[in-house]
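Visitor: Here you go, structure24.tsv (TSV, C-alpha atoms):
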```tsv
chain	number	residue	atom	x	y	z
A	1	MET	CA	82.43	93.43	108.99
A	2	THR	CA	83.19	96.69	107.24
A	3	THR	CA	80.76	97.89	104.58
A	4	HIS	CA	83.38	99.63	102.46
A	5	LEU	CA	86.95	98.87	101.45
A	6	THR	CA	89.59	100.93	99.69
A	7	TYR	CA	92.93	99.83	98.29
A	8	GLU	CA	94.67	101.87	101.00
A	9	GLN	CA	92.79	99.98	103.72
A	10	VAL	CA	93.76	96.65	102.18
A	11	GLU	CA	97.38	97.83	101.98
A	12	LYS	CA	97.32	98.69	105.70
A	13	LYS	CA	95.85	95.28	106.58
A	14	VAL	CA	98.07	92.99	104.54
A	15	GLY	CA	101.11	95.15	103.76
A	16	LYS	CA	102.27	96.78	100.53
A	17	ALA	CA	103.79	93.64	99.06
A	18	LYS	CA	100.66	91.50	99.38
A	19	ALA	CA	98.16	94.27	98.66
A	20	PRO	CA	97.94	93.88	94.84
A	21	ASP	CA	97.11	90.16	95.13
A	22	ALA	CA	94.77	90.69	98.08
A	23	TRP	CA	92.93	93.48	96.22
A	24	ARG	CA	92.50	91.27	93.16
A	25	ASN	CA	91.32	88.33	95.25
A	26	ILE	CA	88.84	90.52	97.15
A	27	GLY	CA	87.53	91.85	93.82
A	28	ARG	CA	86.95	88.32	92.60
A	29	ALA	CA	85.52	87.00	95.88
A	30	GLY	CA	82.88	89.73	96.03
A	31	GLY	CA	82.09	89.72	92.32
A	32	PHE	CA	83.50	93.23	91.88
A	33	GLY	CA	85.95	92.13	89.22
A	34	ASP	CA	89.48	93.43	88.83
A	35	ILE	CA	89.08	96.98	90.10
A	36	ALA	CA	92.04	99.24	89.36
A	37	PRO	CA	94.07	99.92	92.54
A	38	ASN	CA	94.00	103.59	91.55
A	39	PHE	CA	90.20	103.74	91.89
A	40	ASP	CA	88.95	106.41	94.26
A	41	GLY	CA	85.49	105.03	95.09
A	42	GLY	CA	86.40	101.78	96.85
A	43	LEU	CA	84.23	98.67	97.08
A	44	SER	CA	80.76	98.61	98.60
A	45	LEU	CA	80.43	95.38	100.57
A	46	ALA	CA	76.74	96.01	101.26
A	47	GLY	CA	74.62	93.29	99.73
A	48	ILE	CA	77.33	90.75	98.95
A	49	SER	CA	76.80	87.20	100.15
A	50	GLU	CA	77.85	86.02	103.59
A	51	GLU	CA	80.15	83.51	101.96
A	52	ALA	CA	81.88	86.26	99.99
A	53	GLN	CA	82.19	88.36	103.14
A	54	GLN	CA	83.84	85.47	104.94
A	55	GLU	CA	86.21	84.96	102.06
A	56	ILE	CA	87.13	88.66	102.10
A	57	GLU	CA	87.71	88.57	105.85
A	58	GLY	CA	90.01	85.62	105.30
A	59	ILE	CA	91.95	87.50	102.63
A	60	LEU	CA	92.30	90.52	104.92
A	61	ALA	CA	93.47	88.29	107.76
A	62	GLY	CA	96.29	87.51	105.36
A	63	ASP	CA	98.60	85.28	107.32
A	64	GLU	CA	96.21	82.37	107.84
A	65	PRO	CA	97.01	79.53	105.44
A	66	GLU	CA	94.05	77.96	103.70
A	67	THR	CA	92.96	74.61	105.05
A	68	VAL	CA	90.64	71.90	103.78
A	69	GLU	CA	88.17	73.05	106.41
A	70	SER	CA	88.25	76.74	105.44
A	71	LEU	CA	88.09	75.98	101.72
A	72	SER	CA	85.18	73.57	102.21
A	73	LYS	CA	83.04	76.54	103.27
A	74	LEU	CA	83.20	77.90	99.72
A	75	SER	CA	80.61	76.97	97.11
A	76	ARG	CA	81.40	74.18	94.68
A	77	THR	CA	81.49	76.69	91.81
A	78	LYS	CA	84.11	78.77	93.56
A	79	LEU	CA	86.12	75.75	94.56
A	80	GLU	CA	86.12	74.50	90.97
A	81	ALA	CA	87.27	77.94	89.81
A	82	ARG	CA	90.10	77.91	92.37
A	83	ALA	CA	91.04	74.40	91.32
A	84	LYS	CA	91.11	75.47	87.69
A	85	GLU	CA	93.50	78.34	88.52
A	86	LEU	CA	95.88	75.71	89.89
A	87	GLY	CA	95.54	73.49	86.84
A	88	LEU	CA	93.19	70.99	88.48
A	89	ASP	CA	89.86	69.76	87.12
A	90	GLY	CA	87.27	70.23	89.89
A	91	ASN	CA	84.72	68.19	87.95
A	92	THR	CA	86.61	65.00	88.65
A	93	TYR	CA	85.95	65.17	92.41
A	94	THR	CA	82.69	64.03	93.93
A	95	ASP	CA	82.46	66.34	96.92
A	96	LYS	CA	83.73	69.72	98.04
A	97	SER	CA	86.16	68.41	100.65
A	98	GLU	CA	87.96	66.37	97.97
A	99	ILE	CA	88.41	69.47	95.81
A	100	ALA	CA	89.56	71.42	98.88
A	101	ALA	CA	92.09	68.71	99.76
A	102	ALA	CA	93.39	68.69	96.19
A	103	ILE	CA	93.79	72.50	96.27
A	104	VAL	CA	95.67	72.42	99.59
A	105	ALA	CA	97.93	69.62	98.32
A	106	LYS	CA	98.60	71.48	95.07
A	107	GLN	CA	99.39	74.70	96.95
A	108	ALA	CA	101.77	72.84	99.29
A	109	GLU	CA	103.42	71.24	96.26
A	110	SER	CA	103.85	74.67	94.60
A	111	GLU	CA	105.32	76.20	97.76
A	112	GLY	CA	107.77	73.31	98.03
A	113	GLU	CA	109.11	73.86	94.50
B	1	MET	CA	39.44	88.17	69.30
B	2	ALA	CA	40.81	91.12	71.27
B	3	GLY	CA	43.27	93.87	70.47
B	4	THR	CA	46.62	94.33	72.18
B	5	ALA	CA	46.91	97.04	74.84
B	6	THR	CA	48.77	100.25	73.98
B	7	ASN	CA	51.53	101.62	76.14
B	8	PHE	CA	50.99	105.38	76.40
B	9	ASP	CA	52.29	105.92	79.96
B	10	THR	CA	53.26	109.45	81.00
B	11	THR	CA	54.53	108.24	84.37
B	12	THR	CA	57.54	106.74	82.60
B	13	ILE	CA	58.54	110.09	81.07
B	14	ILE	CA	60.97	112.26	83.00
B	15	VAL	CA	60.33	116.00	82.98
B	16	ASP	CA	61.08	118.77	85.45
B	17	ARG	CA	63.40	116.73	87.65
B	18	VAL	CA	66.71	117.84	89.15
B	19	ALA	CA	69.48	115.24	88.91
B	20	GLN	CA	72.62	115.16	91.03
B	21	LEU	CA	75.95	114.07	89.61
B	22	TRP	CA	78.24	112.22	92.02
B	23	ALA	CA	81.81	110.99	91.67
B	24	GLY	CA	83.88	108.82	94.00
B	25	VAL	CA	81.02	106.36	94.52
B	26	ALA	CA	81.84	102.77	95.47
B	27	THR	CA	81.50	99.84	93.10
B	28	PRO	CA	78.83	97.31	94.12
B	29	GLY	CA	79.45	93.57	94.14
B	30	ALA	CA	78.03	91.17	91.57
B	31	GLY	CA	74.29	91.63	91.22
B	32	GLY	CA	74.30	94.62	93.58
B	33	ARG	CA	73.36	98.28	93.24
B	34	MET	CA	74.81	101.33	94.96
B	35	THR	CA	73.16	102.10	98.29
B	36	LEU	CA	71.06	105.27	98.54
B	37	ALA	CA	70.01	107.03	101.74
B	38	VAL	CA	67.97	110.06	102.70
B	39	ASP	CA	69.89	113.31	102.20
B	40	PRO	CA	70.74	114.71	105.67
B	41	GLY	CA	70.02	118.22	104.36
B	42	ASP	CA	66.74	117.42	102.56
B	43	SER	CA	64.45	114.62	103.73
B	44	ALA	CA	62.73	114.54	100.31
B	45	ASN	CA	65.99	113.77	98.55
B	46	LYS	CA	68.20	110.67	98.34
B	47	THR	CA	71.97	110.63	97.93
B	48	PRO	CA	74.70	107.94	98.06
B	49	ASP	CA	74.75	106.24	101.46
B	50	ALA	CA	77.64	107.86	103.33
B	51	THR	CA	78.79	104.61	104.98
B	52	ALA	CA	78.84	102.57	101.80
B	53	ASN	CA	80.22	105.51	99.74
B	54	PRO	CA	82.52	107.47	102.08
B	55	SER	CA	84.46	109.02	99.17
B	56	ALA	CA	81.41	110.27	97.25
B	57	ILE	CA	81.53	113.90	96.13
B	58	HIS	CA	78.61	115.86	94.66
B	59	LEU	CA	79.82	117.72	91.58
B	60	GLY	CA	77.37	120.58	92.05
B	61	PHE	CA	75.66	122.78	89.46
B	62	THR	CA	75.56	122.03	85.74
B	63	ARG	CA	74.63	124.41	82.94
B	64	GLU	CA	71.87	122.31	81.38
B	65	GLY	CA	71.75	119.04	83.31
B	66	CYS	CA	73.48	115.83	82.26
B	67	LYS	CA	73.25	113.49	79.30
B	68	VAL	CA	73.58	109.75	79.80
B	69	ASN	CA	74.84	107.67	76.87
B	70	PHE	CA	74.75	103.88	76.61
B	71	ALA	CA	75.41	102.82	73.04
B	72	SER	CA	76.92	100.08	70.95
B	73	SER	CA	78.33	100.31	67.45
B	74	GLU	CA	77.65	97.44	65.09
B	75	THR	CA	78.88	96.08	61.82
B	76	LEU	CA	76.22	94.74	59.47
B	77	HIS	CA	77.10	91.78	57.27
B	78	TYR	CA	75.56	91.52	53.80
B	79	ALA	CA	75.44	88.83	51.14
B	80	ASP	CA	75.78	89.91	47.55
B	81	GLU	CA	72.48	88.29	46.61
B	82	ILE	CA	70.27	90.18	49.10
B	83	ASP	CA	70.06	93.89	49.81
B	84	THR	CA	69.42	93.62	53.56
B	85	PRO	CA	71.91	92.53	56.22
B	86	LEU	CA	72.03	88.88	57.21
B	87	PHE	CA	73.97	89.31	60.44
B	88	SER	CA	75.23	91.93	62.78
B	89	THR	CA	78.19	91.97	65.16
B	90	VAL	CA	78.58	94.38	68.07
B	91	GLU	CA	81.99	96.00	67.73
B	92	GLN	CA	82.03	98.37	70.70
B	93	THR	CA	79.82	99.28	73.63
B	94	ASP	CA	80.25	102.68	75.21
B	95	ALA	CA	78.80	104.25	78.33
B	96	SER	CA	79.29	107.84	79.40
B	97	ILE	CA	77.73	110.75	81.26
B	98	GLU	CA	78.39	114.24	79.92
B	99	GLY	CA	77.42	117.85	80.37
B	100	GLU	CA	78.95	121.08	81.63
B	101	LEU	CA	79.91	121.69	85.24
B	102	LEU	CA	79.81	125.23	86.58
B	103	GLN	CA	81.78	125.11	89.85
B	104	ILE	CA	85.27	125.49	88.41
B	105	MET	CA	86.76	126.82	91.64
B	106	ASP	CA	85.69	123.88	93.77
B	107	GLU	CA	88.74	121.75	94.56
B	108	ASP	CA	86.70	118.55	94.94
B	109	VAL	CA	85.16	119.02	91.51
B	110	LEU	CA	88.53	119.94	89.99
B	111	GLN	CA	90.17	116.80	91.36
B	112	LYS	CA	87.53	114.59	89.74
B	113	LEU	CA	87.82	116.41	86.41
B	114	THR	CA	91.62	116.45	86.17
B	115	THR	CA	92.48	112.87	87.10
B	116	SER	CA	94.51	112.49	83.87
B	117	PHE	CA	96.81	115.45	84.41
B	118	GLY	CA	96.04	117.40	87.60
B	119	THR	CA	97.59	117.08	91.07
B	120	TYR	CA	95.88	118.91	93.89
B	121	ALA	CA	97.71	120.58	96.75
B	122	THR	CA	96.88	123.16	99.37
B	123	GLY	CA	98.95	125.21	101.79
B	124	SER	CA	98.81	128.40	103.74
B	125	GLY	CA	96.76	130.83	101.67
B	126	TYR	CA	96.29	128.79	98.48
B	127	LYS	CA	94.78	125.76	96.76
B	128	GLU	CA	96.22	124.55	93.46
B	129	ILE	CA	96.01	122.00	90.69
B	130	SER	CA	99.40	121.52	89.10
B	131	ILE	CA	99.24	120.28	85.52
B	132	GLY	CA	101.50	117.51	84.25
B	133	LYS	CA	101.89	113.77	83.85
B	134	LYS	CA	100.48	111.54	86.56
B	135	THR	CA	99.10	108.07	87.17
B	136	LEU	CA	95.54	107.83	85.91
B	137	VAL	CA	92.89	107.61	88.60
B	138	TYR	CA	89.48	106.08	87.99
B	139	THR	CA	86.30	107.09	89.77
B	140	GLY	CA	82.78	105.74	90.19
B	141	VAL	CA	80.19	108.14	88.78
B	142	ALA	CA	76.44	108.17	89.39
B	143	LEU	CA	73.62	110.41	88.24
B	144	ILE	CA	70.68	110.28	90.67
B	145	TRP	CA	67.21	111.75	90.17
B	146	PRO	CA	63.64	111.30	91.50
B	147	THR	CA	61.37	109.15	89.33
B	148	ALA	CA	58.27	110.46	87.60
B	149	GLN	CA	55.90	107.96	89.21
B	150	ASP	CA	56.91	108.78	92.77
B	151	VAL	CA	59.30	111.52	93.91
B	152	THR	CA	60.28	109.44	96.94
B	153	LYS	CA	61.75	106.80	94.60
B	154	PHE	CA	64.97	107.50	92.76
B	155	ALA	CA	66.65	106.46	89.54
B	156	VAL	CA	70.39	105.95	89.11
B	157	ALA	CA	72.69	105.84	86.09
B	158	HIS	CA	75.93	104.41	87.49
B	159	LEU	CA	79.29	103.96	85.75
B	160	TYR	CA	81.36	101.68	87.97
B	161	GLN	CA	84.79	102.84	86.79
B	162	ALA	CA	85.09	106.07	84.83
B	163	ARG	CA	87.32	109.02	83.99
B	164	ASN	CA	86.68	112.49	82.66
B	165	THR	CA	88.03	112.49	79.10
B	166	ALA	CA	87.01	116.07	78.28
B	167	GLY	CA	89.73	117.79	80.32
B	168	LEU	CA	89.24	121.16	81.97
B	169	SER	CA	88.25	124.02	79.66
B	170	PHE	CA	86.56	127.22	80.77
B	171	SER	CA	86.07	130.86	79.92
B	172	ILE	CA	86.17	133.85	82.21
B	173	SER	CA	84.17	136.82	81.00
B	174	ARG	CA	82.08	139.69	82.30
B	175	LYS	CA	78.80	138.50	80.74
B	176	GLY	CA	79.16	134.74	80.73
B	177	MET	CA	79.04	132.23	83.56
B	178	SER	CA	81.99	129.91	84.09
B	179	GLY	CA	81.67	126.25	83.14
B	180	THR	CA	83.72	123.33	81.87
B	181	PRO	CA	82.41	120.56	79.60
B	182	PHE	CA	82.91	117.07	81.02
B	183	LYS	CA	82.55	113.54	79.76
B	184	PHE	CA	82.86	110.68	82.20
B	185	GLN	CA	83.73	107.71	80.04
B	186	GLY	CA	82.93	104.30	81.53
B	187	TYR	CA	85.60	101.58	81.44
B	188	ALA	CA	85.03	97.85	81.63
B	189	ILE	CA	85.98	95.97	84.76
B	190	ALA	CA	87.49	92.79	83.40
B	191	SER	CA	86.60	89.53	85.16
B	192	ARG	CA	83.26	90.97	86.27
B	193	ALA	CA	80.21	89.25	84.75
B	194	ALA	CA	80.14	90.18	81.04
B	195	ALA	CA	76.66	91.70	81.22
B	196	ASP	CA	77.60	93.90	84.17
B	197	ARG	CA	81.09	95.20	83.48
B	198	VAL	CA	80.55	98.89	82.87
B	199	GLY	CA	77.60	100.16	84.86
B	200	LYS	CA	73.91	99.98	85.58
B	201	TYR	CA	70.75	102.06	85.00
B	202	TRP	CA	68.21	101.20	87.65
B	203	TYR	CA	65.35	102.74	89.62
B	204	GLU	CA	63.63	102.12	92.91
B	205	THR	CA	60.13	100.66	92.89
B	206	ALA	CA	59.61	100.11	96.61
```
For this file, write the structure as structure tokens.
Guide:
Amino acid sequence: MTTHLTYEQVEKKVGKAKAPDAWRNIGRAGGFGDIAPNFDGGLSLAGISEEAQQEIEGILAGDEPETVESLSKLSRTKLEARAKELGLDGNTYTDKSEIAAAIVAKQAESEGE
Amino acid sequence: MAGTATNFDTTTIIVDRVAQLWAGVATPGAGGRMTLAVDPGDSANKTPDATANPSAIHLGFTREGCKVNFASSETLHYADEIDTPLFSTVEQTDASIEGELLQIMDEDVLQKLTTSFGTYATGSGYKEISIGKKTLVYTGVALIWPTAQDVTKFAVAHLYQARNTAGLSFSISRKGMSGTPFKFQGYAIASRAAADRVGKYWYETA
């Protein structure tokens, strides 16, 4: 796992078109916030949680669709936040795999529209 | 009954310490701090870790050191019946590091100072900063200095995302020494935790 990431590196990994979204998602996954793409210092990945590192690796891998299994590795708080972004209420599910399944179903539904 | 202890502690006062101003430092994740490491040129000094901060640039000499500002402006709310405020609301919170940099012919320093209007280029026999409109670039800025209690421990004032808002302004004269005032203004990183959006002042204890 790299210890430092710049916008240019993300662009090389996922391509120019996906880079803005990937950069934003990496910022949120690692708790960096929405760092401006035109920021010259990059992100220091030292000290962030293993879970966040895994999530960032997944974002950089880019082409792998999210599955119930991969989403279930996230914390409940993060899953609920992801669910909320999709208009779902994570509180109504009893365990993480149910939230993950709902997210995957919602994403598939959105892609189908 | 016993009195309460006083807090006269000279080890918490900073005097006679040299601070280093760095730009291009990386932003740490939530709850994190920038990584320091022993200076390869001076084993008694610490600088930004080169692996975690590969774009970090030391901005060199200053005329009289640096001033760190963390401040909020407030509005006080009064009732007509009482002459003292009942409430207060914080209107703005500002963070900045300012001073005067001396190395005005250092292209690394110039690039960090002119991010609002300067574009650097070099070619055979020249280096230049062309002046005009450009996309704003933000930089991470950190002031690092040894603590008073223990010179092997260091303190850091870090602005996660900043820009110089004082431009580039210098004099050339026979008697005077060159220098340009700077002010790195910190900007909030939205969606970061509210209490940790702009920067951090911290120091090593172990």
Visitor: Atom CA of B:Ser116 and atom CA of B:Leu136, how far apart in Å?
Guide: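 Here the two named atoms are 5.2 Å from each other.
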Visitor: Using all atoms listed in the file, determine which residues lie at most 6 Å from B:Lys153, disregarding the query and same-chain residues fewer than 5 positions distant; provide the list as a list in words.
Guide: Pro146, Thr147 and Glu204 of chain B
Visitor: Give the answer as one residue: which of B:Leu76, B:Gly29, B:Asp83, B:Met105 has the shortest atom-to-atom distance to A:Ala52, using only C-alpha atoms?
Guide: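 That would be B:Gly29, the residue with the smallest distance to A:Ala52.
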Visitor: Residues of chain B that approach chain A to 8 Å or less, counting only C-alpha atoms: could you list each one with the shortest pair of atoms and its distance in Å to one decimal, rows by chain and increasing residue number, as JSON lines?
Guide:
```
{"residue": "B:Ala23", "atom": "CA", "partner": "A:Gly41", "partner_atom": "CA", "distance": 7.8}
{"residue": "B:Gly24", "atom": "CA", "partner": "A:Gly41", "partner_atom": "CA", "distance": 4.3}
{"residue": "B:Val25", "atom": "CA", "partner": "A:Gly41", "partner_atom": "CA", "distance": 4.7}
{"residue": "B:Ala26", "atom": "CA", "partner": "A:Gly41", "partner_atom": "CA", "distance": 4.3}
{"residue": "B:Thr27", "atom": "CA", "partner": "A:Leu43", "partner_atom": "CA", "distance": 5.0}
{"residue": "B:Pro28", "atom": "CA", "partner": "A:Ser44", "partner_atom": "CA", "distance": 5.0}
{"residue": "B:Gly29", "atom": "CA", "partner": "A:Phe32", "partner_atom": "CA", "distance": 4.7}
{"residue": "B:Ala30", "atom": "CA", "partner": "A:Gly31", "partner_atom": "CA", "distance": 4.4}
{"residue": "B:Gly32", "atom": "CA", "partner": "A:Gly47", "partner_atom": "CA", "distance": 6.3}
{"residue": "B:Met34", "atom": "CA", "partner": "A:Ser44", "partner_atom": "CA", "distance": 7.5}
{"residue": "B:Thr35", "atom": "CA", "partner": "A:Ala46", "partner_atom": "CA", "distance": 7.7}
{"residue": "B:Thr51", "atom": "CA", "partner": "A:Thr3", "partner_atom": "CA", "distance": 7.0}
{"residue": "B:Ala52", "atom": "CA", "partner": "A:Ser44", "partner_atom": "CA", "distance": 5.4}
{"residue": "B:Asn53", "atom": "CA", "partner": "A:Ser44", "partner_atom": "CA", "distance": 7.0}
{"residue": "B:Pro54", "atom": "CA", "partner": "A:His4", "partner_atom": "CA", "distance": 7.9}
{"residue": "B:Ser55", "atom": "CA", "partner": "A:Gly41", "partner_atom": "CA", "distance": 5.8}
{"residue": "B:Ala56", "atom": "CA", "partner": "A:Gly41", "partner_atom": "CA", "distance": 7.0}
{"residue": "B:Leu136", "atom": "CA", "partner": "A:Asn38", "partner_atom": "CA", "distance": 7.2}
{"residue": "B:Val137", "atom": "CA", "partner": "A:Asn38", "partner_atom": "CA", "distance": 5.1}
{"residue": "B:Tyr138", "atom": "CA", "partner": "A:Phe39", "partner_atom": "CA", "distance": 4.6}
{"residue": "B:Thr139", "atom": "CA", "partner": "A:Asp40", "partner_atom": "CA", "distance": 5.3}
{"residue": "B:Gly140", "atom": "CA", "partner": "A:Gly41", "partner_atom": "CA", "distance": 5.6}
{"residue": "B:Gln161", "atom": "CA", "partner": "A:Phe39", "partner_atom": "CA", "distance": 7.5}
{"residue": "B:Ile189", "atom": "CA", "partner": "A:Gly33", "partner_atom": "CA", "distance": 5.9}
{"residue": "B:Ala190", "atom": "CA", "partner": "A:Asp34", "partner_atom": "CA", "distance": 5.8}
{"residue": "B:Ser191", "atom": "CA", "partner": "A:Gly33", "partner_atom": "CA", "distance": 4.9}
{"residue": "B:Arg192", "atom": "CA", "partner": "A:Gly33", "partner_atom": "CA", "distance": 4.2}
{"residue": "B:Ala193", "atom": "CA", "partner": "A:Gly31", "partner_atom": "CA", "distance": 7.8}
```
Visitor: Find the residues around B:Ile144 up to 8 Å (all atoms listed in the file counted), leave out those fewer than 3 positions away in its own chain, and share them as a ChimeraX atom specification.
Guide: /B:19-22,47,154-157
Visitor: Work out how far atom CA of B:Thr62 is from atom CA of B:Leu102, in Å to one decimal.
Guide: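 For atom CA of B:Leu102 relative to atom CA of B:Thr62, the distance reads 5.4 Å.
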Visitor: Need the shell around B:Thr11: protein/DNA/RNA residues with any atom at most 10 Å away, counting all atoms listed in the file. Skip same-chain ones fewer than 2 positions apart. Format as a PDB file with C-alpha atoms, in the frame of the given file?
Guide:
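Saved the output as around.pdb:
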```pdb
ATOM      1  CA  PHE B   8      50.990 105.380  76.400  1.00  0.00           C
ATOM      2  CA  ASP B   9      52.290 105.920  79.960  1.00  0.00           C
ATOM      3  CA  ILE B  13      58.540 110.090  81.070  1.00  0.00           C
ATOM      4  CA  ILE B  14      60.970 112.260  83.000  1.00  0.00           C
ATOM      5  CA  VAL B  15      60.330 116.000  82.980  1.00  0.00           C
ATOM      6  CA  THR B 147      61.370 109.150  89.330  1.00  0.00           C
ATOM      7  CA  ALA B 148      58.270 110.460  87.600  1.00  0.00           C
ATOM      8  CA  GLN B 149      55.900 107.960  89.210  1.00  0.00           C
ATOM      9  CA  ASP B 150      56.910 108.780  92.770  1.00  0.00           C
TER      10      ASP B 150
END
```
Visitor: Between A:Asp95, A:Asp89, A:Glu8, A:Asp21, which is the closest to A:Ile59 once you count all atoms listed in the file?
Guide: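 Nearest candidate to A:Ile59 out of A:Asp95, A:Asp89, A:Glu8, A:Asp21: A:Asp21.
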Visitor: Of the candidates A:Gln53, A:Leu88, A:Ala81, A:Ser72, which one gets nearest to A:Ala100 if we count all atoms listed in the file?
Guide: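 Going through A:Gln53, A:Leu88, A:Ala81, A:Ser72 one by one, the smallest distance to A:Ala100 is for A:Ser72.
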Visitor: What is the distance, in Å and to one decimal place, between atom CA of B:Phe70 and atom CA of B:Glu98?
Guide: 11.5 Å
Visitor: Write out as a ChimeraX atom specification which residues come within 8 Å of A:Val10 when counting all atoms listed in the file, dropping same-chain ones fewer than 3 positions away.
Guide: /A:5-7,13-15,19,22-23,60
Visitor: For A:Ser110, which residue among A:Gly87, A:Thr92, A:Ser97, A:Ile26 is the nearest when counting only C-alpha atoms?
Guide: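 Using only C-alpha atoms, A:Ser110 sits closest to A:Gly87.
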Visitor: Would you compute the box with edges along x, y and z of the file around stretch 60-76 of chain A, including every atom the file lists for it and 4 Å extra on each side, and give its centre and edge lengths in Å to one decimal, as JSON?
Guide:
```
{"center_x": 89.6, "center_y": 81.2, "center_z": 101.3, "size_x": 26.0, "size_y": 26.6, "size_z": 21.2}
```
Visitor: So, with only C-alpha atoms as the atoms that count, which of B:Gln185, B:Thr12, B:Thr6, B:Gln103 lies closest to B:Arg63?
Guide: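 Nearest to B:Arg63: B:Gln103.
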